[in-house]
file query-v8.pdb (PDB, C-alpha atoms)
ATOM      1  CA  MET D 979     108.202-122.205  22.895
ATOM      2  CA  VAL D 980     106.230-122.406  19.645
ATOM      3  CA  GLU D 981     107.970-125.623  18.612
ATOM      4  CA  GLN D 982     107.214-127.187  21.997
ATOM      5  CA  GLN D 983     103.550-126.222  21.629
ATOM      6  CA  ILE D 984     103.384-127.712  18.138
ATOM      7  CA  ARG D 985     105.223-130.960  18.906
ATOM      8  CA  THR D 986     102.523-131.843  21.444
ATOM      9  CA  TRP D 987     100.189-132.098  18.441
ATOM     10  CA  GLU D 988     102.325-134.857  16.909
ATOM     11  CA  VAL D 989     104.008-132.503  14.440
ATOM     12  CA  LEU D 990     107.465-134.028  13.974
ATOM     13  CA  ASP D 991     108.214-133.095  10.354
ATOM     14  CA  GLN D 992     111.290-130.872  10.632
ATOM     15  CA  ASP D 993     110.572-129.231   7.267
ATOM     16  CA  VAL D 994     107.211-128.062   8.619
ATOM     17  CA  LEU D 995     108.758-126.808  11.847
ATOM     18  CA  ASP D 996     111.441-124.923   9.915
ATOM     19  CA  LEU D 997     108.823-123.350   7.652
ATOM     20  CA  LEU D 998     107.022-121.829  10.624
ATOM     21  CA  TYR D 999     110.174-119.848  11.395
ATOM     22  CA  LEU D1000     110.727-118.926   7.757
ATOM     23  CA  VAL D1001     107.318-117.260   7.313
ATOM     24  CA  PRO D1002     106.906-114.489   9.947
ATOM     25  CA  ARG D1003     103.454-115.061  11.424
ATOM     26  CA  GLU D1004     103.478-111.704  13.214
ATOM     27  CA  GLU D1005     103.364-109.977   9.818
ATOM     28  CA  PHE D1006     100.022-111.614   8.988
ATOM     29  CA  VAL D1007      98.018-110.761  12.113
ATOM     30  CA  ARG D1008      96.236-107.513  12.913
ATOM     31  CA  PRO D1009      98.669-104.886  14.301
ATOM     32  CA  GLN D1010      97.073-104.915  17.744
ATOM     33  CA  HIS D1011      97.687-108.670  18.018
ATOM     34  CA  ARG D1012     101.358-108.848  16.985
ATOM     35  CA  SER D1013     102.441-109.709  20.523
ATOM     36  CA  LEU D1014     100.028-112.657  20.460
ATOM     37  CA  ALA D1015     101.028-113.958  17.028
ATOM     38  CA  PHE D1016     102.351-117.256  18.408
ATOM     39  CA  ALA D1017      99.838-117.704  21.220
ATOM     40  CA  ASP D1018      97.852-120.936  21.328
ATOM     41  CA  ILE D1019      94.577-119.180  20.480
ATOM     42  CA  GLN D1020      92.462-118.337  17.446
ATOM     43  CA  LEU D1021      93.233-114.670  16.791
ATOM     44  CA  PRO D1022      90.435-112.415  15.487
ATOM     45  CA  LEU D1023      90.856-111.061  11.969
ATOM     46  CA  GLY D1024      87.707-108.948  11.761
ATOM     47  CA  GLU D1025      84.733-109.766   9.541
ATOM     48  CA  ASP D1026      83.753-112.364  12.204
ATOM     49  CA  GLU D1027      86.705-114.559  11.207
ATOM     50  CA  ARG D1028      89.675-115.942  13.125
ATOM     51  CA  MET D1029      93.092-117.427  12.377
ATOM     52  CA  TRP D1030      93.786-121.011  13.298
ATOM     53  CA  GLU D1031      96.170-121.707  16.165
ATOM     54  CA  PRO D1032      99.811-122.267  15.069
ATOM     55  CA  LYS D1033      99.632-125.930  16.102
ATOM     56  CA  MET D1034      96.679-126.568  13.800
ATOM     57  CA  GLU D1035      98.377-124.879  10.845
ATOM     58  CA  ALA D1036     101.441-127.046  11.386
ATOM     59  CA  ARG D1037      99.471-130.274  11.800
ATOM     60  CA  VAL D1038      97.502-129.655   8.613
ATOM     61  CA  LEU D1039     100.684-128.953   6.634
ATOM     62  CA  GLN D1040     102.178-132.191   7.895
ATOM     63  CA  GLU D1041      99.110-134.276   7.073
ATOM     64  CA  LEU D1042      98.748-132.897   3.542
ATOM     65  CA  THR D1043     102.369-133.658   2.498
ATOM     66  CA  VAL D1044     102.288-130.961  -0.183
ATOM     67  CA  ARG D1045     104.798-131.479  -3.014
ATOM     68  CA  LYS D1046     106.518-128.492  -4.625
ATOM     69  CA  SER D1047     107.070-130.169  -7.972
ATOM     70  CA  THR D1048     103.484-131.162  -8.737
ATOM     71  CA  ASP D1049     100.807-129.986  -6.344
ATOM     72  CA  ARG D1050      98.167-127.415  -7.175
ATOM     73  CA  VAL D1051      96.343-126.340  -4.048
ATOM     74  CA  LEU D1052      92.844-124.964  -3.554
ATOM     75  CA  GLU D1053      92.480-123.031  -0.316
ATOM     76  CA  VAL D1054      88.899-122.101   0.569
ATOM     77  CA  GLY D1055      89.128-119.041   2.816
ATOM     78  CA  THR D1056      92.238-116.867   2.448
ATOM     79  CA  GLY D1057      91.838-115.075   5.769
ATOM     80  CA  SER D1058      95.089-113.389   6.780
ATOM     81  CA  GLY D1059      97.015-115.141   4.015
ATOM     82  CA  TYR D1060      99.359-116.867   6.480
ATOM     83  CA  LEU D1061      98.334-120.430   5.690
ATOM     84  CA  THR D1062      98.313-119.419   2.021
ATOM     85  CA  ALA D1063     101.961-118.389   2.332
ATOM     86  CA  LEU D1064     102.893-121.619   4.112
ATOM     87  CA  LEU D1065     101.197-123.683   1.417
ATOM     88  CA  ALA D1066     102.877-121.663  -1.336
ATOM     89  CA  HIS D1067     106.315-122.526   0.043
ATOM     90  CA  ARG D1068     105.508-126.223  -0.385
ATOM     91  CA  ALA D1069     103.284-126.257  -3.501
ATOM     92  CA  ALA D1070     103.666-125.652  -7.220
ATOM     93  CA  HIS D1071     100.755-123.188  -7.111
ATOM     94  CA  VAL D1072      98.051-122.111  -4.658
ATOM     95  CA  HIS D1073      94.591-120.946  -5.717
ATOM     96  CA  SER D1074      93.068-119.194  -2.705
ATOM     97  CA  VAL D1075      89.452-118.010  -2.665
ATOM     98  CA  GLU D1076      87.981-115.598  -0.097
ATOM     99  CA  VAL D1077      84.282-114.746   0.019
ATOM    100  CA  LYS D1078      84.667-111.505   2.010
ATOM    101  CA  PRO D1079      86.224-108.693  -0.072
ATOM    102  CA  ALA D1080      87.646-106.753   2.897
ATOM    103  CA  LEU D1081      89.343-109.867   4.240
ATOM    104  CA  ALA D1082      90.609-110.753   0.773
ATOM    105  CA  GLU D1083      92.244-107.325   0.585
ATOM    106  CA  PHE D1084      93.867-107.819   3.988
ATOM    107  CA  GLY D1085      95.260-111.194   2.963
ATOM    108  CA  ARG D1086      96.407-109.871  -0.406
ATOM    109  CA  GLY D1087      98.342-107.036   1.236
ATOM    110  CA  ASN D1088     100.064-109.441   3.619
ATOM    111  CA  LEU D1089     101.052-111.780   0.800
ATOM    112  CA  GLU D1090     102.344-108.965  -1.397
ATOM    113  CA  ARG D1091     104.631-107.824   1.413
ATOM    114  CA  HIS D1092     105.821-111.403   1.797
ATOM    115  CA  GLY D1093     106.631-111.604  -1.914
ATOM    116  CA  ALA D1094     105.026-114.949  -2.798
ATOM    117  CA  GLU D1095     104.594-115.343  -6.560
ATOM    118  CA  ASN D1096     102.970-118.762  -7.010
ATOM    119  CA  ILE D1097      99.598-117.685  -5.591
ATOM    120  CA  THR D1098      96.367-116.720  -7.335
ATOM    121  CA  LEU D1099      93.890-114.911  -5.071
ATOM    122  CA  GLU D1100      90.234-114.676  -6.062
ATOM    123  CA  VAL D1101      87.144-113.240  -4.404
ATOM    124  CA  GLY D1102      84.169-115.567  -4.558
ATOM    125  CA  ASP D1103      82.060-118.190  -2.827
ATOM    126  CA  ALA D1104      83.875-121.531  -2.884
ATOM    127  CA  ALA D1105      82.010-123.119   0.032
ATOM    128  CA  ARG D1106      80.580-125.774  -2.279
ATOM    129  CA  GLY D1107      83.487-126.187  -4.655
ATOM    130  CA  TRP D1108      85.630-124.168  -7.059
ATOM    131  CA  PRO D1109      85.850-125.982 -10.396
ATOM    132  CA  ARG D1110      87.648-123.146 -12.205
ATOM    133  CA  HIS D1111      91.140-124.651 -11.823
ATOM    134  CA  ALA D1112      90.265-128.266 -10.985
ATOM    135  CA  PRO D1113      91.471-130.910 -10.533
ATOM    136  CA  TYR D1114      93.582-130.139  -7.480
ATOM    137  CA  GLU D1115      96.194-132.265  -5.751
ATOM    138  CA  VAL D1116      95.387-130.587  -2.424
ATOM    139  CA  ILE D1117      92.234-128.893  -1.099
ATOM    140  CA  VAL D1118      92.083-127.103   2.262
ATOM    141  CA  LEU D1119      88.854-125.781   3.769
ATOM    142  CA  THR D1120      89.779-123.200   6.407
ATOM    143  CA  GLY D1121      86.222-122.981   7.733
ATOM    144  CA  SER D1122      84.003-125.808   8.916
ATOM    145  CA  SER D1123      81.038-127.321   7.114
ATOM    146  CA  PRO D1124      78.261-129.476   8.588
ATOM    147  CA  LEU D1125      78.603-131.681   5.513
ATOM    148  CA  LEU D1126      81.471-132.197   3.085
ATOM    149  CA  PRO D1127      80.141-131.138  -0.329
ATOM    150  CA  ARG D1128      80.523-133.809  -2.986
ATOM    151  CA  ALA D1129      81.924-131.197  -5.360
ATOM    152  CA  PHE D1130      85.208-131.061  -3.444
ATOM    153  CA  LEU D1131      85.704-134.800  -3.796
ATOM    154  CA  GLU D1132      84.997-134.588  -7.503
ATOM    155  CA  GLN D1133      87.561-131.786  -7.854
ATOM    156  CA  LEU D1134      90.369-133.854  -6.276
ATOM    157  CA  ALA D1135      92.940-135.423  -8.579
ATOM    158  CA  VAL D1136      93.688-139.110  -8.093
ATOM    159  CA  GLY D1137      96.142-139.235  -5.206
ATOM    160  CA  GLY D1138      94.883-135.844  -4.040
ATOM    161  CA  ARG D1139      94.367-134.948  -0.383
ATOM    162  CA  LEU D1140      91.600-132.863   1.149
ATOM    163  CA  PHE D1141      91.515-131.371   4.642
ATOM    164  CA  ALA D1142      88.150-130.398   6.088
ATOM    165  CA  VAL D1143      86.521-129.835   9.463
ATOM    166  CA  THR D1144      83.012-131.256   9.429
ATOM    167  CA  GLY D1145      80.153-131.259  11.894
ATOM    168  CA  GLU D1146      78.577-128.617  14.091
ATOM    169  CA  ALA D1147      79.751-127.121  17.392
ATOM    170  CA  PRO D1148      80.540-128.466  19.886
ATOM    171  CA  ALA D1149      81.315-131.698  17.997
ATOM    172  CA  MET D1150      83.502-131.188  14.919
ATOM    173  CA  ASN D1151      86.067-133.534  13.397
ATOM    174  CA  ALA D1152      89.122-132.648  11.328
ATOM    175  CA  ARG D1153      89.371-135.115   8.454
ATOM    176  CA  LEU D1154      91.867-136.041   5.776
ATOM    177  CA  VAL D1155      90.292-137.462   2.625
ATOM    178  CA  VAL D1156      92.458-139.117  -0.045
ATOM    179  CA  CYS D1157      91.282-139.869  -3.577
ATOM    180  CA  THR D1158      92.629-143.409  -4.065
ATOM    181  CA  ALA D1159      91.172-143.987  -7.555
ATOM    182  CA  PRO D1160      88.608-142.265  -9.788
ATOM    183  CA  GLY D1161      85.479-141.972  -7.626
ATOM    184  CA  ALA D1162      87.092-143.777  -4.652
ATOM    185  CA  TYR D1163      88.021-142.028  -1.399
ATOM    186  CA  HIS D1164      89.515-142.916   1.966
ATOM    187  CA  SER D1165      88.721-140.706   4.969
ATOM    188  CA  THR D1166      90.673-140.527   8.242
ATOM    189  CA  ASP D1167      89.578-138.636  11.356
ATOM    190  CA  LEU D1168      92.564-136.647  12.648
ATOM    191  CA  PHE D1169      91.428-134.724  15.719
ATOM    192  CA  GLU D1170      88.513-132.867  17.282
ATOM    193  CA  THR D1171      88.308-129.093  17.054
ATOM    194  CA  VAL D1172      85.855-126.217  16.677
ATOM    195  CA  ILE D1173      86.339-123.509  14.041
ATOM    196  CA  ALA D1174      84.023-120.959  12.460
ATOM    197  CA  PRO D1175      81.856-122.233   9.597
ATOM    198  CA  LEU D1176      82.354-121.315   5.981
ATOM    199  CA  VAL D1177      79.960-118.661   4.740
ATOM    200  CA  ASN D1178      77.171-120.454   2.819
ATOM    201  CA  ALA D1179      78.397-123.883   3.913
ATOM    202  CA  GLU D1180      76.217-126.777   2.785
ATOM    203  CA  GLN D1181      73.596-127.604   5.406
ATOM    204  CA  PRO D1182      72.012-130.969   6.226
ATOM    205  CA  SER D1183      68.381-131.477   5.319
ATOM    206  CA  ARG D1184      66.044-130.669   8.192
ATOM    207  CA  PHE D1185      62.872-132.650   8.723
ATOM    208  CA  ARG D1186      59.726-130.581   8.884
ATOM    209  CA  PHE D1187      56.520-131.773  10.498
TER
END
call {"tool": "encode", "arguments": {"input": "query-v8.pdb", "output": "structure tokens"}}
result
Amino acid sequence: MVEQQIRTWEVLDQDVLDLLYLVPREEFVRPQHRSLAFADIQLPLGEDERMWEPKMEARVLQELTVRKSTDRVLEVGTGSGYLTALLAHRAAHVHSVEVKPALAEFGRGNLERHGAENITLEVGDAARGWPRHAPYEVIVLTGSSPLLPRAFLEQLAVGGRLFAVTGEAPAMNARLVVCTAPGAYHSTDLFETVIAPLVNAEQPSRFRF
């Protein structure tokens, strides 16, 4: 059922599909939502945050083509830790930053039970970049931003890939940005979606009269 749901989103990478079965999603949701762990909805996590749908998690993993041997990942927004765990299975190391301490603790507990070792969790505001461990081969923003902060582009390694959802509801676009050379970037629109914004996301300038 889950695989059928995900394949409709053009997710055909068998390694990604297998990974979704390897990491038990029901162990990363709130206890009262375990029966809905694989439902095609954004499950509430508390703290006014929600998990992505399984199909979106799978599509993003496929688009980012994370490499175990080389890729350092920056994840902005740890949430439940589920996407963090998926990324960790495919990356050399994941640096995940969560701005909300209570949610960071929830994600940390989930990941500790899962036993992932190549993850560094930090509490902080990374909505406009996180230079501490840059450059990164992969950057994932799990919340939306009206604008894509320049800092994230500057923190991408050459050949690096960035996933972001930009715009404002009801019109948001999921984008994949690739750093093709120092200071050069190629952006591809992937699909339309609506997700909650990052706390302290960069805002466009507003004209005042």
call {"tool": "closest_residue", "arguments": {"input": "query-v8.pdb", "among": "D:Leu1039, D:Lys1046, D:Phe1006, D:Gln983", "to": "D:Asp1018", "atoms": "all atoms listed in the file"}}
result
D:Gln983
call {"tool": "resolve_selection", "arguments": {"input": "query-v8.pdb", "expression": "the PyMOL selection byres ((chain D and resi 1094) around 12)", "output": "number ranges by chain"}}
result
D: 1001, 1059-1060, 1062-1072, 1085-1093, 1095-1099
call {"tool": "atom_distance", "arguments": {"input": "query-v8.pdb", "atom1": "atom CA of D:Glu1076", "atom2": "atom CA of D:Glu1041"}}
result
22.9 Å
call {"tool": "closest_residue", "arguments": {"input": "query-v8.pdb", "among": "D:Gly1138, D:Pro1079, D:Pro1182, D:Pro1032", "to": "D:Asp1103", "atoms": "all atoms listed in the file"}}
result
D:Pro1079
call {"tool": "atom_distance", "arguments": {"input": "query-v8.pdb", "atom1": "atom CA of D:Gly1161", "atom2": "atom CA of D:Ala1112"}}
result
14.9 Å
call {"tool": "closest_residue", "arguments": {"input": "query-v8.pdb", "among": "D:Leu1176, D:Val1155, D:Leu1134, D:Leu1000", "to": "D:Asp1049", "atoms": "all atoms listed in the file"}}
result
D:Leu1134
call {"tool": "residues_around", "arguments": {"input": "query-v8.pdb", "residues": "D:Glu1004", "least_positions_apart": "3", "cutoff": "10 Å", "atoms": "only C-alpha atoms", "output": "JSON list (two decimals) with C-alpha atoms, in the frame of the given file"}}
result
[["chain", "number", "residue", "atom", "x", "y", "z"],
["D", 1001, "VAL", "CA", 107.32, -117.26, 7.31],
["D", 1007, "VAL", "CA", 98.02, -110.76, 12.11],
["D", 1008, "ARG", "CA", 96.24, -107.51, 12.91],
["D", 1009, "PRO", "CA", 98.67, -104.89, 14.30],
["D", 1011, "HIS", "CA", 97.69, -108.67, 18.02],
["D", 1012, "ARG", "CA", 101.36, -108.85, 16.98],
["D", 1013, "SER", "CA", 102.44, -109.71, 20.52],
["D", 1014, "LEU", "CA", 100.03, -112.66, 20.46],
["D", 1015, "ALA", "CA", 101.03, -113.96, 17.03],
["D", 1016, "PHE", "CA", 102.35, -117.26, 18.41],
["D", 1060, "TYR", "CA", 99.36, -116.87, 6.48]]
call {"tool": "resolve_selection", "arguments": {"input": "query-v8.pdb", "expression": "the PyMOL selection byres ((chain D and resi 1166) around 8)", "output": "ChimeraX atom specification"}}
result
/D:1153-1155,1164-1165,1167-1168
call {"tool": "axis_aligned_box", "arguments": {"input": "query-v8.pdb", "around": "stretch 999-1014 of chain D", "padding_each_side": "3 Å", "output": "lines of an AutoDock Vina configuration file"}}
result
center_x = 103.5
center_y = -112.4
center_z = 13.9
size_x = 20.5
size_y = 21.0
size_z = 19.2
call {"tool": "closest_residue", "arguments": {"input": "query-v8.pdb", "among": "D:Val1038, D:Ala1017, D:Met1150, D:Val1077", "to": "D:Leu1061", "atoms": "only C-alpha atoms"}}
result
D:Val1038
call {"tool": "closest_residue", "arguments": {"input": "query-v8.pdb", "among": "D:Val994, D:Ala1179, D:Ile1173, D:Ala1149", "to": "D:Asp1026", "atoms": "all atoms listed in the file"}}
result
D:Ile1173
call {"tool": "atom_distance", "arguments": {"input": "query-v8.pdb", "atom1": "atom CA of D:Val989", "atom2": "atom CA of D:Trp1108"}}
result
29.5 Å
call {"tool": "closest_residue", "arguments": {"input": "query-v8.pdb", "among": "D:Pro1175, D:Gly1024, D:Gly1107, D:Pro1127", "to": "D:Ala1082", "atoms": "all atoms listed in the file"}}
result
D:Gly1024
call {"tool": "closest_atom_pairs", "arguments": {"input": "query-v8.pdb", "of": "stretch 1012-1128 of chain D", "to": "stretch 1140-1143 of chain D", "cutoff": "8 Å", "atoms": "all atoms listed in the file", "output": "JSON lines"}}
result
{"residue": "D:Val1038", "atom": "CA", "partner": "D:Phe1141", "partner_atom": "CA", "distance": 7.4}
{"residue": "D:Leu1042", "atom": "CA", "partner": "D:Phe1141", "partner_atom": "CA", "distance": 7.5}
{"residue": "D:Val1116", "atom": "CA", "partner": "D:Leu1140", "partner_atom": "CA", "distance": 5.7}
{"residue": "D:Ile1117", "atom": "CA", "partner": "D:Leu1140", "partner_atom": "CA", "distance": 4.6}
{"residue": "D:Val1118", "atom": "CA", "partner": "D:Phe1141", "partner_atom": "CA", "distance": 4.9}
{"residue": "D:Leu1119", "atom": "CA", "partner": "D:Ala1142", "partner_atom": "CA", "distance": 5.2}
{"residue": "D:Thr1120", "atom": "CA", "partner": "D:Ala1142", "partner_atom": "CA", "distance": 7.4}
{"residue": "D:Gly1121", "atom": "CA", "partner": "D:Val1143", "partner_atom": "CA", "distance": 7.1}
{"residue": "D:Ser1122", "atom": "CA", "partner": "D:Val1143", "partner_atom": "CA", "distance": 4.8}
{"residue": "D:Ser1123", "atom": "CA", "partner": "D:Val1143", "partner_atom": "CA", "distance": 6.5}
{"residue": "D:Leu1126", "atom": "CA", "partner": "D:Ala1142", "partner_atom": "CA", "distance": 7.5}
call {"tool": "resolve_selection", "arguments": {"input": "query-v8.pdb", "expression": "the PyMOL selection byres ((chain D and resi 1170) around 7)", "output": "ChimeraX atom specification"}}
result
/D:1150-1152,1169,1171
call {"tool": "decode", "arguments": {"input": "query-v8.pdb", "residues": "stretch 1103-1170 of chain D", "atoms": "C-alpha atoms", "output": "mmCIF file, in the first residue's frame"}}
result
data_model
loop_
_atom_site.group_PDB
_atom_site.id
_atom_site.type_symbol
_atom_site.label_atom_id
_atom_site.label_comp_id
_atom_site.auth_asym_id
_atom_site.auth_seq_id
_atom_site.Cartn_x
_atom_site.Cartn_y
_atom_site.Cartn_z
ATOM 1 C CA ASP D 1103 18.200 28.615 14.528
ATOM 2 C CA ALA D 1104 19.419 27.504 11.102
ATOM 3 C CA ALA D 1105 16.653 29.155 9.070
ATOM 4 C CA ARG D 1106 19.195 31.411 7.372
ATOM 5 C CA GLY D 1107 22.137 29.048 7.204
ATOM 6 C CA TRP D 1108 24.369 26.964 9.467
ATOM 7 C CA PRO D 1109 28.017 27.624 8.610
ATOM 8 C CA ARG D 1110 29.419 25.626 11.541
ATOM 9 C CA HIS D 1111 30.121 22.470 9.502
ATOM 10 C CA ALA D 1112 30.013 23.876 5.960
ATOM 11 C CA PRO D 1113 30.458 23.141 3.148
ATOM 12 C CA TYR D 1114 27.800 20.467 2.754
ATOM 13 C CA GLU D 1115 27.192 18.070 -0.113
ATOM 14 C CA VAL D 1116 23.469 18.007 0.702
ATOM 15 C CA ILE D 1117 21.170 20.529 2.409
ATOM 16 C CA VAL D 1118 17.519 19.804 3.227
ATOM 17 C CA LEU D 1119 15.120 22.443 4.543
ATOM 18 C CA THR D 1120 12.184 20.638 6.154
ATOM 19 C CA GLY D 1121 10.155 23.833 6.515
ATOM 20 C CA SER D 1122 9.259 26.336 3.823
ATOM 21 C CA SER D 1123 10.735 29.782 3.296
ATOM 22 C CA PRO D 1124 9.290 32.652 1.245
ATOM 23 C CA LEU D 1125 12.807 33.226 -0.072
ATOM 24 C CA LEU D 1126 15.815 30.929 -0.320
ATOM 25 C CA PRO D 1127 18.537 32.553 1.802
ATOM 26 C CA ARG D 1128 21.776 33.112 -0.078
ATOM 27 C CA ALA D 1129 23.689 31.630 2.849
ATOM 28 C CA PHE D 1130 22.499 28.121 1.989
ATOM 29 C CA LEU D 1131 23.827 28.409 -1.547
ATOM 30 C CA GLU D 1132 27.154 29.638 -0.242
ATOM 31 C CA GLN D 1133 27.335 26.674 2.152
ATOM 32 C CA LEU D 1134 26.897 24.100 -0.647
ATOM 33 C CA ALA D 1135 29.978 22.272 -1.887
ATOM 34 C CA VAL D 1136 30.548 22.174 -5.636
ATOM 35 C CA GLY D 1137 28.332 19.366 -6.889
ATOM 36 C CA GLY D 1138 26.159 19.754 -3.794
ATOM 37 C CA ARG D 1139 22.367 19.506 -3.855
ATOM 38 C CA LEU D 1140 19.856 21.548 -1.886
ATOM 39 C CA PHE D 1141 16.164 20.794 -1.398
ATOM 40 C CA ALA D 1142 13.880 23.641 -0.379
ATOM 41 C CA VAL D 1143 10.211 24.579 -0.520
ATOM 42 C CA THR D 1144 9.875 28.256 -1.359
ATOM 43 C CA GLY D 1145 6.958 30.639 -1.617
ATOM 44 C CA GLU D 1146 3.922 31.314 0.531
ATOM 45 C CA ALA D 1147 0.666 29.372 0.895
ATOM 46 C CA PRO D 1148 -1.223 28.471 -1.173
ATOM 47 C CA ALA D 1149 1.500 28.635 -3.851
ATOM 48 C CA MET D 1150 4.743 26.904 -2.848
ATOM 49 C CA ASN D 1151 7.267 25.106 -5.039
ATOM 50 C CA ALA D 1152 9.636 22.303 -4.076
ATOM 51 C CA ARG D 1153 13.006 22.986 -5.683
ATOM 52 C CA LEU D 1154 16.274 21.166 -6.200
ATOM 53 C CA VAL D 1155 19.290 23.460 -6.476
ATOM 54 C CA VAL D 1156 22.658 22.099 -7.641
ATOM 55 C CA CYS D 1157 25.956 23.939 -7.234
ATOM 56 C CA THR D 1158 27.537 23.386 -10.666
ATOM 57 C CA ALA D 1159 30.696 25.459 -10.063
ATOM 58 C CA PRO D 1160 31.889 27.966 -7.452
ATOM 59 C CA GLY D 1161 29.134 30.601 -7.308
ATOM 60 C CA ALA D 1162 27.067 28.914 -10.061
ATOM 61 C CA TYR D 1163 23.746 27.167 -9.409
ATOM 62 C CA HIS D 1164 21.063 25.359 -11.378
ATOM 63 C CA SER D 1165 17.522 25.232 -9.971
ATOM 64 C CA THR D 1166 14.765 22.791 -10.966
ATOM 65 C CA ASP D 1167 11.133 23.001 -9.849
ATOM 66 C CA LEU D 1168 10.033 19.523 -8.734
ATOM 67 C CA PHE D 1169 6.427 19.773 -7.570
ATOM 68 C CA GLU D 1170 3.911 21.996 -5.805
#
